[in-house]
file work.txt (compact mmCIF, C-alpha atoms)
# COMPACT_ATOMS: atom_id res chain seq x y z
CA MET A 1 -195.66 40.74 -82.57
CA ALA A 2 -195.23 43.61 -85.01
CA ARG A 3 -192.28 41.78 -86.55
CA THR A 4 -194.23 38.55 -86.94
CA GLN A 5 -197.14 40.36 -88.58
CA GLY A 6 -194.65 42.12 -90.82
CA SER A 7 -193.12 38.84 -91.91
CA HIS A 8 -196.52 37.34 -92.69
CA SER A 9 -197.51 40.46 -94.63
CA ASP A 10 -194.31 40.27 -96.64
CA ILE A 11 -195.27 36.83 -97.94
CA THR A 12 -199.06 36.79 -97.81
CA GLY A 13 -199.71 40.32 -99.11
CA PRO A 14 -197.91 39.81 -102.44
CA LYS A 15 -199.40 36.30 -102.73
CA ILE A 16 -202.93 37.70 -102.34
CA ARG A 17 -202.24 40.29 -105.05
CA ALA A 18 -200.75 37.69 -107.40
CA VAL A 19 -203.73 35.36 -106.94
CA ALA A 20 -206.24 38.19 -107.34
CA LEU A 21 -204.49 39.38 -110.51
CA ARG A 22 -204.68 35.92 -112.06
CA LEU A 23 -208.30 35.26 -111.01
CA PHE A 24 -209.57 38.72 -112.07
CA ALA A 25 -207.86 38.34 -115.47
CA GLN A 26 -209.25 34.85 -115.93
CA HIS A 27 -212.84 35.27 -114.74
CA GLY A 28 -213.39 39.02 -114.44
CA TYR A 29 -213.48 41.04 -111.23
CA ALA A 30 -217.23 40.73 -110.65
CA ALA A 31 -217.15 36.92 -110.89
CA VAL A 32 -214.39 36.43 -108.30
CA SER A 33 -215.19 36.32 -104.56
CA MET A 34 -212.92 37.12 -101.64
CA ARG A 35 -213.61 33.54 -100.49
CA GLN A 36 -212.22 32.19 -103.76
CA ILE A 37 -209.10 34.35 -103.46
CA ALA A 38 -208.58 33.17 -99.86
CA LYS A 39 -208.93 29.54 -100.92
CA GLU A 40 -206.29 29.85 -103.65
CA VAL A 41 -203.96 31.75 -101.32
CA GLY A 42 -204.46 29.05 -98.70
CA VAL A 43 -205.86 31.18 -95.88
CA GLN A 44 -209.27 31.46 -94.20
CA ALA A 45 -211.63 33.96 -95.87
CA GLY A 46 -211.64 36.03 -92.66
CA ALA A 47 -207.84 36.19 -92.57
CA LEU A 48 -207.79 37.97 -95.94
CA TYR A 49 -209.23 41.06 -94.28
CA ASN A 50 -206.07 41.41 -92.19
CA TYR A 51 -204.29 42.28 -95.41
CA ILE A 52 -206.84 44.07 -97.51
CA PRO A 53 -210.08 45.86 -96.52
CA ASP A 54 -212.18 44.66 -99.48
CA LYS A 55 -212.19 43.47 -103.08
CA GLN A 56 -212.40 47.01 -104.47
CA SER A 57 -209.17 47.92 -102.63
CA LEU A 58 -207.53 44.88 -104.15
CA LEU A 59 -208.60 45.96 -107.64
CA VAL A 60 -207.42 49.53 -107.29
CA THR A 61 -204.13 48.38 -105.74
CA LEU A 62 -203.46 46.08 -108.71
CA MET A 63 -204.21 48.85 -111.21
CA GLU A 64 -202.23 51.43 -109.26
CA THR A 65 -199.23 49.09 -109.03
CA HIS A 66 -199.37 48.49 -112.77
CA MET A 67 -199.54 52.20 -113.59
CA THR A 68 -196.81 53.24 -111.14
CA ASP A 69 -194.60 50.37 -112.42
CA VAL A 70 -194.95 51.48 -116.03
CA LEU A 71 -194.36 55.12 -115.08
CA ALA A 72 -191.23 54.26 -113.08
CA ALA A 73 -189.89 51.98 -115.81
CA TRP A 74 -190.41 54.60 -118.54
CA THR A 75 -188.84 57.33 -116.38
CA ALA A 76 -185.80 55.09 -115.85
CA ARG A 77 -185.60 54.31 -119.58
CA LEU A 78 -185.89 57.99 -120.45
CA GLU A 79 -183.00 58.86 -118.14
CA THR A 80 -180.70 56.65 -120.21
CA LEU A 81 -181.65 58.66 -123.31
CA ASP A 82 -181.09 62.25 -122.26
CA ASP A 83 -178.90 63.12 -125.23
CA ALA A 84 -181.06 61.29 -127.74
CA ASP A 85 -182.96 63.25 -130.39
CA VAL A 86 -186.73 63.21 -130.49
CA LEU A 87 -186.95 60.49 -133.14
CA HIS A 88 -184.72 58.20 -131.10
CA ARG A 89 -186.88 58.83 -128.03
CA LEU A 90 -190.04 58.02 -129.96
CA GLU A 91 -188.46 54.76 -131.08
CA ALA A 92 -187.46 54.01 -127.48
CA PHE A 93 -191.03 54.64 -126.31
CA THR A 94 -192.47 52.38 -129.02
CA ARG A 95 -190.20 49.48 -128.17
CA PHE A 96 -190.51 50.06 -124.41
CA HIS A 97 -194.32 50.13 -124.48
CA ILE A 98 -194.63 46.90 -126.49
CA ARG A 99 -192.03 45.06 -124.42
CA PHE A 100 -193.24 46.22 -120.99
CA HIS A 101 -196.88 45.38 -121.69
CA MET A 102 -196.18 42.04 -123.37
CA GLU A 103 -194.50 40.91 -120.15
CA ARG A 104 -197.63 41.64 -118.06
CA PRO A 105 -200.69 40.44 -119.99
CA ASP A 106 -202.88 39.94 -116.89
CA ALA A 107 -202.12 43.38 -115.45
CA VAL A 108 -202.73 45.06 -118.82
CA PHE A 109 -206.01 43.20 -119.34
CA ILE A 110 -207.25 44.29 -115.92
CA ALA A 111 -205.96 47.87 -116.29
CA TYR A 112 -208.16 48.37 -119.34
CA MET A 113 -211.07 46.03 -118.80
CA GLU A 114 -211.93 46.54 -115.16
CA LEU A 115 -212.14 50.34 -115.23
CA ARG A 116 -215.93 49.83 -115.27
CA ASN A 117 -215.69 48.24 -111.81
CA LEU A 118 -213.79 51.05 -110.08
CA THR A 119 -215.58 53.46 -107.78
CA PRO A 120 -215.65 57.00 -109.25
CA ALA A 121 -212.85 58.20 -106.94
CA HIS A 122 -210.64 55.24 -107.80
CA PHE A 123 -211.40 55.69 -111.51
CA THR A 124 -210.24 59.32 -111.33
CA HIS A 125 -207.07 58.26 -109.53
CA ILE A 126 -206.18 55.55 -112.06
CA GLU A 127 -207.01 57.73 -115.05
CA ALA A 128 -204.72 60.45 -113.67
CA LEU A 129 -201.85 57.94 -113.48
CA ARG A 130 -202.59 56.76 -117.02
CA SER A 131 -202.59 60.37 -118.25
CA ARG A 132 -199.18 60.91 -116.67
CA TYR A 133 -197.84 57.94 -118.61
CA GLU A 134 -199.51 59.02 -121.86
CA ASN A 135 -198.09 62.52 -121.39
CA GLY A 136 -194.63 60.96 -121.65
CA LEU A 137 -195.43 60.13 -125.27
CA ARG A 138 -197.27 63.39 -125.84
CA ASP A 139 -194.22 65.38 -124.70
CA ILE A 140 -192.10 63.60 -127.32
CA LEU A 141 -194.69 64.25 -130.05
CA GLU A 142 -195.05 67.94 -129.14
CA GLU A 143 -191.29 68.39 -129.04
CA GLY A 144 -191.09 66.75 -132.48
CA VAL A 145 -193.73 69.14 -133.80
CA SER A 146 -191.88 72.17 -132.36
CA ALA A 147 -188.64 70.95 -133.90
CA LYS A 148 -190.48 70.41 -137.22
CA ALA A 149 -189.34 66.79 -137.09
CA PHE A 150 -192.92 65.44 -137.03
CA GLN A 151 -196.06 66.36 -138.96
CA ILE A 152 -198.98 65.83 -136.62
CA THR A 153 -202.45 67.36 -136.75
CA ASP A 154 -203.33 66.80 -133.11
CA PRO A 155 -200.66 65.52 -130.65
CA LYS A 156 -203.26 64.46 -128.07
CA ILE A 157 -205.14 62.25 -130.53
CA THR A 158 -201.91 60.96 -132.04
CA THR A 159 -200.78 59.93 -128.53
CA LEU A 160 -203.95 57.88 -128.06
CA ALA A 161 -203.75 56.44 -131.58
CA VAL A 162 -200.13 55.32 -131.16
CA ILE A 163 -200.85 53.73 -127.78
CA GLY A 164 -203.93 52.01 -129.25
CA MET A 165 -201.85 50.65 -132.10
CA LEU A 166 -199.13 49.36 -129.77
CA ASN A 167 -201.65 47.84 -127.33
CA GLY A 168 -203.02 45.82 -130.24
CA VAL A 169 -199.86 43.68 -130.19
CA MET A 170 -201.03 42.11 -126.93
CA THR A 171 -204.25 40.87 -128.50
CA TRP A 172 -202.54 38.85 -131.24
CA TYR A 173 -198.83 38.25 -130.51
CA ARG A 174 -197.84 34.79 -129.33
CA SER A 175 -194.20 33.90 -128.72
CA GLY A 176 -192.98 31.10 -130.96
CA GLY A 177 -194.86 32.51 -133.97
CA ARG A 178 -193.24 33.49 -137.26
CA LEU A 179 -191.88 36.78 -135.87
CA SER A 180 -189.82 37.48 -132.76
CA LEU A 181 -191.02 40.29 -130.49
CA GLU A 182 -188.00 42.33 -131.62
CA GLU A 183 -189.10 41.96 -135.26
CA VAL A 184 -192.65 42.97 -134.35
CA GLU A 185 -191.30 46.03 -132.49
CA THR A 186 -189.34 47.00 -135.60
CA ILE A 187 -192.41 46.73 -137.87
CA TYR A 188 -194.49 48.79 -135.43
CA TRP A 189 -191.72 51.34 -135.10
CA ASP A 190 -191.67 51.71 -138.89
CA MET A 191 -195.43 52.41 -138.83
CA VAL A 192 -195.26 54.82 -135.88
CA ARG A 193 -192.42 56.74 -137.52
CA LYS A 194 -194.39 57.09 -140.74
CA ALA A 195 -197.67 57.88 -138.94
CA VAL A 196 -196.11 60.91 -137.21
CA GLY A 197 -194.69 62.09 -140.53
CA ALA A 198 -191.05 61.67 -139.47
CA MET B 1 -249.53 26.96 -131.61
CA ALA B 2 -246.44 27.18 -133.80
CA ARG B 3 -247.51 30.67 -134.84
CA THR B 4 -247.98 31.76 -131.23
CA GLN B 5 -244.55 30.44 -130.27
CA GLY B 6 -243.13 32.17 -133.31
CA SER B 7 -244.64 35.49 -132.26
CA HIS B 8 -243.26 35.14 -128.74
CA SER B 9 -239.82 34.26 -130.13
CA ASP B 10 -239.90 37.31 -132.34
CA ILE B 11 -240.22 39.54 -129.30
CA THR B 12 -238.61 37.58 -126.49
CA GLY B 13 -235.59 36.23 -128.40
CA PRO B 14 -234.22 39.67 -129.36
CA LYS B 15 -235.07 41.00 -125.90
CA ILE B 16 -233.05 38.23 -124.26
CA ARG B 17 -230.08 39.00 -126.49
CA ALA B 18 -230.33 42.75 -125.82
CA VAL B 19 -230.47 42.22 -122.05
CA ALA B 20 -227.61 39.68 -122.13
CA LEU B 21 -225.48 42.06 -124.21
CA ARG B 22 -225.99 44.87 -121.73
CA LEU B 23 -225.43 42.73 -118.63
CA PHE B 24 -222.35 40.93 -120.04
CA ALA B 25 -220.81 44.29 -121.02
CA GLN B 26 -221.58 45.79 -117.64
CA HIS B 27 -220.60 42.98 -115.27
CA GLY B 28 -218.70 40.46 -117.41
CA TYR B 29 -220.01 37.15 -118.73
CA ALA B 30 -218.89 35.06 -115.76
CA ALA B 31 -220.65 37.32 -113.24
CA VAL B 32 -224.08 37.21 -114.93
CA SER B 33 -226.49 34.35 -114.27
CA MET B 34 -229.30 33.08 -116.49
CA ARG B 35 -231.61 33.89 -113.55
CA GLN B 36 -230.50 37.53 -113.65
CA ILE B 37 -231.08 37.71 -117.42
CA ALA B 38 -234.56 36.18 -117.00
CA LYS B 39 -235.42 38.68 -114.28
CA GLU B 40 -234.45 41.68 -116.44
CA VAL B 41 -236.30 40.24 -119.45
CA GLY B 42 -239.35 39.69 -117.25
CA VAL B 43 -239.73 35.92 -117.69
CA GLN B 44 -239.26 32.95 -115.37
CA ALA B 45 -235.72 31.54 -115.33
CA GLY B 46 -237.03 28.24 -116.71
CA ALA B 47 -238.75 29.99 -119.63
CA LEU B 48 -235.40 31.33 -120.86
CA TYR B 49 -234.43 27.81 -121.89
CA ASN B 50 -237.24 27.79 -124.46
CA TYR B 51 -235.25 30.38 -126.35
CA ILE B 52 -231.63 29.57 -125.69
CA PRO B 53 -230.01 26.31 -124.51
CA ASP B 54 -227.47 27.91 -122.15
CA LYS B 55 -225.40 30.99 -121.32
CA GLN B 56 -222.53 29.90 -123.57
CA SER B 57 -224.90 29.78 -126.57
CA LEU B 58 -226.05 33.27 -125.72
CA LEU B 59 -222.44 34.53 -125.65
CA VAL B 60 -221.45 32.93 -128.94
CA THR B 61 -224.68 34.16 -130.59
CA LEU B 62 -223.93 37.73 -129.51
CA MET B 63 -220.38 37.56 -130.83
CA GLU B 64 -221.43 35.82 -134.05
CA THR B 65 -224.13 38.44 -134.66
CA HIS B 66 -221.62 41.22 -134.14
CA MET B 67 -219.08 39.68 -136.52
CA THR B 68 -221.61 38.84 -139.26
CA ASP B 69 -223.11 42.35 -138.93
CA VAL B 70 -219.75 44.03 -139.42
CA LEU B 71 -218.88 41.70 -142.33
CA ALA B 72 -222.21 42.39 -144.05
CA ALA B 73 -221.96 46.13 -143.48
CA TRP B 74 -218.41 46.31 -144.85
CA THR B 75 -219.35 44.16 -147.88
CA ALA B 76 -222.25 46.52 -148.58
CA ARG B 77 -219.98 49.56 -148.20
CA LEU B 78 -217.37 48.02 -150.48
CA GLU B 79 -219.96 47.44 -153.20
CA THR B 80 -220.59 51.18 -153.38
CA LEU B 81 -216.86 51.71 -154.04
CA ASP B 82 -216.10 49.33 -156.90
CA ASP B 83 -214.49 51.98 -159.09
CA ALA B 84 -212.55 53.58 -156.24
CA ASP B 85 -208.77 53.36 -156.17
CA VAL B 86 -206.99 51.55 -153.37
CA LEU B 87 -206.30 54.71 -151.35
CA HIS B 88 -209.96 55.69 -151.44
CA ARG B 89 -210.93 52.18 -150.31
CA LEU B 90 -208.46 52.36 -147.42
CA GLU B 91 -209.99 55.67 -146.36
CA ALA B 92 -213.47 54.13 -146.60
CA PHE B 93 -212.39 51.21 -144.40
CA THR B 94 -210.85 53.55 -141.81
CA ARG B 95 -213.97 55.69 -141.53
CA PHE B 96 -216.30 52.68 -141.69
CA HIS B 97 -214.48 50.79 -138.94
CA ILE B 98 -214.47 53.73 -136.52
CA ARG B 99 -218.11 54.63 -137.19
CA PHE B 100 -219.50 51.08 -137.08
CA HIS B 101 -217.73 50.18 -133.86
CA MET B 102 -218.48 53.48 -132.11
CA GLU B 103 -222.18 52.76 -132.56
CA ARG B 104 -221.93 49.39 -130.77
CA PRO B 105 -219.70 49.80 -127.70
CA ASP B 106 -221.22 46.87 -125.77
CA ALA B 107 -220.93 44.42 -128.67
CA VAL B 108 -217.34 45.49 -129.34
CA PHE B 109 -216.38 45.21 -125.68
CA ILE B 110 -217.79 41.68 -125.50
CA ALA B 111 -216.33 40.64 -128.87
CA TYR B 112 -212.82 41.33 -127.60
CA MET B 113 -213.05 40.79 -123.88
CA GLU B 114 -215.08 37.61 -123.58
CA LEU B 115 -213.04 35.51 -126.01
CA ARG B 116 -211.54 33.91 -122.89
CA ASN B 117 -214.98 32.56 -121.97
CA LEU B 118 -215.73 30.82 -125.28
CA THR B 119 -215.40 27.05 -125.59
CA PRO B 120 -212.52 26.10 -127.95
CA ALA B 121 -214.91 25.31 -130.83
CA HIS B 122 -216.75 28.59 -130.42
CA PHE B 123 -213.46 30.46 -130.17
CA THR B 124 -212.31 28.97 -133.49
CA HIS B 125 -215.61 29.90 -135.11
CA ILE B 126 -215.52 33.53 -133.92
CA GLU B 127 -211.85 33.94 -134.78
CA ALA B 128 -212.55 32.69 -138.32
CA LEU B 129 -215.24 35.36 -138.73
CA ARG B 130 -212.89 38.01 -137.37
CA SER B 131 -210.18 36.90 -139.80
CA ARG B 132 -212.62 37.23 -142.70
CA TYR B 133 -213.29 40.82 -141.66
CA GLU B 134 -209.60 41.60 -141.15
CA ASN B 135 -208.85 40.10 -144.56
CA GLY B 136 -211.02 42.84 -146.07
CA LEU B 137 -208.41 45.35 -144.90
CA ARG B 138 -205.51 43.06 -145.74
CA ASP B 139 -206.74 42.73 -149.34
CA ILE B 140 -206.68 46.53 -149.69
CA LEU B 141 -203.17 46.72 -148.22
CA GLU B 142 -201.83 43.94 -150.44
CA GLU B 143 -203.38 45.50 -153.50
CA GLY B 144 -201.77 48.81 -152.55
CA VAL B 145 -198.39 47.11 -152.20
CA SER B 146 -198.77 45.41 -155.63
CA ALA B 147 -199.73 48.74 -157.18
CA LYS B 148 -196.72 50.34 -155.46
CA ALA B 149 -199.15 52.79 -153.83
CA PHE B 150 -198.24 51.68 -150.28
CA GLN B 151 -194.91 50.93 -148.60
CA ILE B 152 -195.58 48.17 -146.09
CA THR B 153 -193.12 45.70 -144.58
CA ASP B 154 -195.70 43.09 -143.57
CA PRO B 155 -199.36 43.45 -144.67
CA LYS B 156 -200.61 40.98 -142.04
CA ILE B 157 -199.04 42.89 -139.15
CA THR B 158 -200.05 46.23 -140.66
CA THR B 159 -203.65 44.99 -140.80
CA LEU B 160 -203.58 44.20 -137.09
CA ALA B 161 -201.80 47.46 -136.25
CA VAL B 162 -204.32 49.58 -138.15
CA ILE B 163 -207.28 47.80 -136.56
CA GLY B 164 -205.66 48.18 -133.12
CA MET B 165 -205.18 51.89 -133.74
CA LEU B 166 -208.79 52.37 -134.87
CA ASN B 167 -210.19 50.29 -131.98
CA GLY B 168 -208.44 52.65 -129.61
CA VAL B 169 -210.98 55.36 -130.48
CA MET B 170 -213.62 53.43 -128.55
CA THR B 171 -211.62 53.55 -125.35
CA TRP B 172 -211.38 57.34 -125.23
CA TYR B 173 -213.91 59.04 -127.55
CA ARG B 174 -216.97 60.59 -125.93
CA SER B 175 -219.52 62.47 -128.01
CA GLY B 176 -219.82 66.10 -127.02
CA GLY B 177 -216.07 66.46 -126.57
CA ARG B 178 -213.88 68.96 -128.41
CA LEU B 179 -213.88 66.92 -131.65
CA SER B 180 -216.76 65.46 -133.67
CA LEU B 181 -216.48 61.81 -134.69
CA GLU B 182 -216.01 62.98 -138.28
CA GLU B 183 -213.01 65.09 -137.22
CA VAL B 184 -211.56 62.15 -135.29
CA GLU B 185 -212.02 59.93 -138.36
CA THR B 186 -210.13 62.48 -140.44
CA ILE B 187 -207.20 62.63 -137.99
CA TYR B 188 -207.02 58.83 -137.87
CA TRP B 189 -207.24 58.60 -141.65
CA ASP B 190 -204.29 60.99 -141.92
CA MET B 191 -202.28 58.69 -139.62
CA VAL B 192 -203.32 55.48 -141.39
CA ARG B 193 -202.44 56.97 -144.79
CA LYS B 194 -199.00 57.98 -143.55
CA ALA B 195 -198.44 54.69 -141.67
CA VAL B 196 -198.90 52.66 -144.88
CA GLY B 197 -196.53 54.99 -146.71
CA ALA B 198 -199.19 56.30 -149.11
call {"tool": "encode", "arguments": {"input": "work.txt", "output": "structure tokens"}}
result
Amino acid sequence: MARTQGSHSDITGPKIRAVALRLFAQHGYAAVSMRQIAKEVGVQAGALYNYIPDKQSLLVTLMETHMTDVLAAWTARLETLDDADVLHRLEAFTRFHIRFHMERPDAVFIAYMELRNLTPAHFTHIEALRSRYENGLRDILEEGVSAKAFQITDPKITTLAVIGMLNGVMTWYRSGGRLSLEEVETIYWDMVRKAVGA
Amino acid sequence: MARTQGSHSDITGPKIRAVALRLFAQHGYAAVSMRQIAKEVGVQAGALYNYIPDKQSLLVTLMETHMTDVLAAWTARLETLDDADVLHRLEAFTRFHIRFHMERPDAVFIAYMELRNLTPAHFTHIEALRSRYENGLRDILEEGVSAKAFQITDPKITTLAVIGMLNGVMTWYRSGGRLSLEEVETIYWDMVRKAVGA
């Protein structure tokens, strides 16, 4: 019995999250019902509650997964760079952030746009995860300032400004346009490097 | 009769738009019904249709108003700067963009986030207005490149990157924090100036 439930969960759980991600990104969290999610998954509305207690849990799970994924991926990338100087690490962050987020437009859209629909406790939780990720960039900037490699007035604001700039790529970049993503990364890296006074 | 209707429109029309703006920003366009808008305005649902043909028209009107407002405000600002050099105009744009958008968080949120809910014709219309505004910045950047005042690889991409960076302020700035908006503008201007190689 436990094994059977486990097997169902293994397939149905991820399917529910994938469907919810797509529907929330397309229509907005508030416009999507649990019934609609169940229909697209191909289960009865009541059966959904075997996997997830409510729509809010689904939302926070999607955001949490996105934030822990990006944190884990950046940590792994950073480990491959341990001998790299601070400029090289800033370049790695720039390229990593653009590439990682471009591959997950729905998750990124939800992670920013549905914050308004989180309960206060969930909001605090997600914002703490986001801060941890942003601190990865801030650490690089502060190290660059200490090493006199960067000229930055305010590392905290510069962190937010750089992330804002990089996030902008997602609003306009379409593959098949005049520039490859690699070329776009290189142009953004040139601007980030200059913006931090390196 | 015409005069009476006119008087009602003068009050009710703007009220409908203000309520729709707030509700769309709060819950998302797809989650808000015309009935809900009517209720908050204090009119019968049927009466709403005397002012606006449908919810889609309301959305495109809100976005169009936002884009024409920002275009008009920037044009007016630019006219006060006709003798200014290109660096001064870039600083003016940076400060203008942050200030104007910070004063209209709901309109900005909708202008970016509800593009997905526009009909294709409306999307084309709004994107054309946005391009006209972005071209105001692009003109400054291209002039700076011609004058050898800026070092920019790709003025089109730099335009989008600068606007992305500046838009980021809206996602994190709260008045009453450790920095005034003027101080934030100054930090961002320092980064923009460096990013364009000025």
call {"tool": "closest_atom_pairs", "arguments": {"input": "work.txt", "of": "chain B", "to": "chain A", "cutoff": "6 Å", "atoms": "all atoms listed in the file", "output": "JSON lines"}}
result
{"residue": "B:Ala30", "atom": "CA", "partner": "A:Ala31", "partner_atom": "CA", "distance": 5.5}
{"residue": "B:Ala31", "atom": "CA", "partner": "A:Ala31", "partner_atom": "CA", "distance": 4.2}
{"residue": "B:Ala161", "atom": "CA", "partner": "A:Met165", "partner_atom": "CA", "distance": 5.2}
{"residue": "B:Gly164", "atom": "CA", "partner": "A:Gly168", "partner_atom": "CA", "distance": 4.6}
{"residue": "B:Met165", "atom": "CA", "partner": "A:Met165", "partner_atom": "CA", "distance": 3.9}
{"residue": "B:Gly168", "atom": "CA", "partner": "A:Gly164", "partner_atom": "CA", "distance": 4.6}
{"residue": "B:Met191", "atom": "CA", "partner": "A:Ala195", "partner_atom": "CA", "distance": 4.7}
{"residue": "B:Lys194", "atom": "CA", "partner": "A:Ala195", "partner_atom": "CA", "distance": 4.8}
{"residue": "B:Ala195", "atom": "CA", "partner": "A:Ala195", "partner_atom": "CA", "distance": 4.3}
call {"tool": "axis_aligned_box", "arguments": {"input": "work.txt", "around": "stretch 102-110 of chain B", "padding_each_side": "4 Å", "output": "AutoDock Vina command-line options"}}
result
--center_x -219.3 --center_y 47.6 --center_z -129.0 --size_x 13.8 --size_y 19.8 --size_z 15.1
call {"tool": "residues_around", "arguments": {"input": "work.txt", "residues": "B:Thr68", "least_positions_apart": "3", "cutoff": "10 Å", "atoms": "all atoms listed in the file", "output": "number ranges by chain"}}
result
B: 63-65, 71-74, 126, 129-130, 132-133
call {"tool": "atom_distance", "arguments": {"input": "work.txt", "atom1": "atom CA of A:Phe100", "atom2": "atom CA of A:Ala18"}}
result
17.7 Å
call {"tool": "closest_residue", "arguments": {"input": "work.txt", "among": "A:Ile37, A:Leu87, A:Arg99, A:Thr124", "to": "A:Ser180", "atoms": "only C-alpha atoms"}}
result
A:Arg99
call {"tool": "build_atoms", "arguments": {"input": "work.txt", "residues": "stretch 12-28 of chain B", "atoms": "N, CA, C and O atoms", "output": "PDB file, in the frame of the given file"}}
result
ATOM      1  N   THR B  12    -239.400  37.959-127.662  1.00  0.00           N
ATOM      2  CA  THR B  12    -238.610  37.580-126.490  1.00  0.00           C
ATOM      3  C   THR B  12    -237.163  37.253-126.853  1.00  0.00           C
ATOM      4  O   THR B  12    -236.246  37.622-126.110  1.00  0.00           O
ATOM      5  N   GLY B  13    -236.958  36.597-127.985  1.00  0.00           N
ATOM      6  CA  GLY B  13    -235.590  36.230-128.400  1.00  0.00           C
ATOM      7  C   GLY B  13    -234.681  37.461-128.485  1.00  0.00           C
ATOM      8  O   GLY B  13    -233.656  37.520-127.800  1.00  0.00           O
ATOM      9  N   PRO B  14    -235.053  38.461-129.290  1.00  0.00           N
ATOM     10  CA  PRO B  14    -234.220  39.670-129.360  1.00  0.00           C
ATOM     11  C   PRO B  14    -234.070  40.379-128.019  1.00  0.00           C
ATOM     12  O   PRO B  14    -233.013  40.935-127.716  1.00  0.00           O
ATOM     13  N   LYS B  15    -235.138  40.329-127.202  1.00  0.00           N
ATOM     14  CA  LYS B  15    -235.070  41.000-125.900  1.00  0.00           C
ATOM     15  C   LYS B  15    -234.039  40.316-124.993  1.00  0.00           C
ATOM     16  O   LYS B  15    -233.275  40.987-124.293  1.00  0.00           O
ATOM     17  N   ILE B  16    -234.043  38.982-125.047  1.00  0.00           N
ATOM     18  CA  ILE B  16    -233.050  38.230-124.260  1.00  0.00           C
ATOM     19  C   ILE B  16    -231.638  38.614-124.692  1.00  0.00           C
ATOM     20  O   ILE B  16    -230.765  38.870-123.860  1.00  0.00           O
ATOM     21  N   ARG B  17    -231.430  38.676-125.985  1.00  0.00           N
ATOM     22  CA  ARG B  17    -230.080  39.000-126.490  1.00  0.00           C
ATOM     23  C   ARG B  17    -229.682  40.426-126.104  1.00  0.00           C
ATOM     24  O   ARG B  17    -228.533  40.666-125.723  1.00  0.00           O
ATOM     25  N   ALA B  18    -230.640  41.345-126.185  1.00  0.00           N
ATOM     26  CA  ALA B  18    -230.330  42.750-125.820  1.00  0.00           C
ATOM     27  C   ALA B  18    -229.977  42.869-124.345  1.00  0.00           C
ATOM     28  O   ALA B  18    -229.020  43.554-123.966  1.00  0.00           O
ATOM     29  N   VAL B  19    -230.739  42.174-123.504  1.00  0.00           N
ATOM     30  CA  VAL B  19    -230.470  42.220-122.050  1.00  0.00           C
ATOM     31  C   VAL B  19    -229.118  41.559-121.751  1.00  0.00           C
ATOM     32  O   VAL B  19    -228.313  42.098-120.985  1.00  0.00           O
ATOM     33  N   ALA B  20    -228.878  40.393-122.380  1.00  0.00           N
ATOM     34  CA  ALA B  20    -227.610  39.680-122.130  1.00  0.00           C
ATOM     35  C   ALA B  20    -226.427  40.543-122.560  1.00  0.00           C
ATOM     36  O   ALA B  20    -225.416  40.627-121.857  1.00  0.00           O
ATOM     37  N   LEU B  21    -226.556  41.191-123.705  1.00  0.00           N
ATOM     38  CA  LEU B  21    -225.480  42.060-124.210  1.00  0.00           C
ATOM     39  C   LEU B  21    -225.149  43.140-123.179  1.00  0.00           C
ATOM     40  O   LEU B  21    -223.986  43.374-122.837  1.00  0.00           O
ATOM     41  N   ARG B  22    -226.187  43.785-122.685  1.00  0.00           N
ATOM     42  CA  ARG B  22    -225.990  44.870-121.730  1.00  0.00           C
ATOM     43  C   ARG B  22    -225.378  44.361-120.425  1.00  0.00           C
ATOM     44  O   ARG B  22    -224.424  44.942-119.902  1.00  0.00           O
ATOM     45  N   LEU B  23    -225.926  43.251-119.915  1.00  0.00           N
ATOM     46  CA  LEU B  23    -225.430  42.730-118.630  1.00  0.00           C
ATOM     47  C   LEU B  23    -224.011  42.176-118.750  1.00  0.00           C
ATOM     48  O   LEU B  23    -223.181  42.395-117.864  1.00  0.00           O
ATOM     49  N   PHE B  24    -223.719  41.461-119.846  1.00  0.00           N
ATOM     50  CA  PHE B  24    -222.350  40.930-120.040  1.00  0.00           C
ATOM     51  C   PHE B  24    -221.348  42.094-120.131  1.00  0.00           C
ATOM     52  O   PHE B  24    -220.251  42.025-119.579  1.00  0.00           O
ATOM     53  N   ALA B  25    -221.723  43.147-120.860  1.00  0.00           N
ATOM     54  CA  ALA B  25    -220.810  44.290-121.020  1.00  0.00           C
ATOM     55  C   ALA B  25    -220.585  45.004-119.695  1.00  0.00           C
ATOM     56  O   ALA B  25    -219.492  45.477-119.405  1.00  0.00           O
ATOM     57  N   GLN B  26    -221.648  45.044-118.893  1.00  0.00           N
ATOM     58  CA  GLN B  26    -221.580  45.790-117.640  1.00  0.00           C
ATOM     59  C   GLN B  26    -220.820  45.034-116.546  1.00  0.00           C
ATOM     60  O   GLN B  26    -219.994  45.598-115.851  1.00  0.00           O
ATOM     61  N   HIS B  27    -221.141  43.742-116.407  1.00  0.00           N
ATOM     62  CA  HIS B  27    -220.600  42.980-115.270  1.00  0.00           C
ATOM     63  C   HIS B  27    -219.583  41.916-115.684  1.00  0.00           C
ATOM     64  O   HIS B  27    -218.883  41.372-114.832  1.00  0.00           O
ATOM     65  N   GLY B  28    -219.537  41.580-116.971  1.00  0.00           N
ATOM     66  CA  GLY B  28    -218.700  40.460-117.410  1.00  0.00           C
ATOM     67  C   GLY B  28    -219.528  39.185-117.474  1.00  0.00           C
ATOM     68  O   GLY B  28    -220.391  38.957-116.618  1.00  0.00           O
TER      69      GLY B  28
END
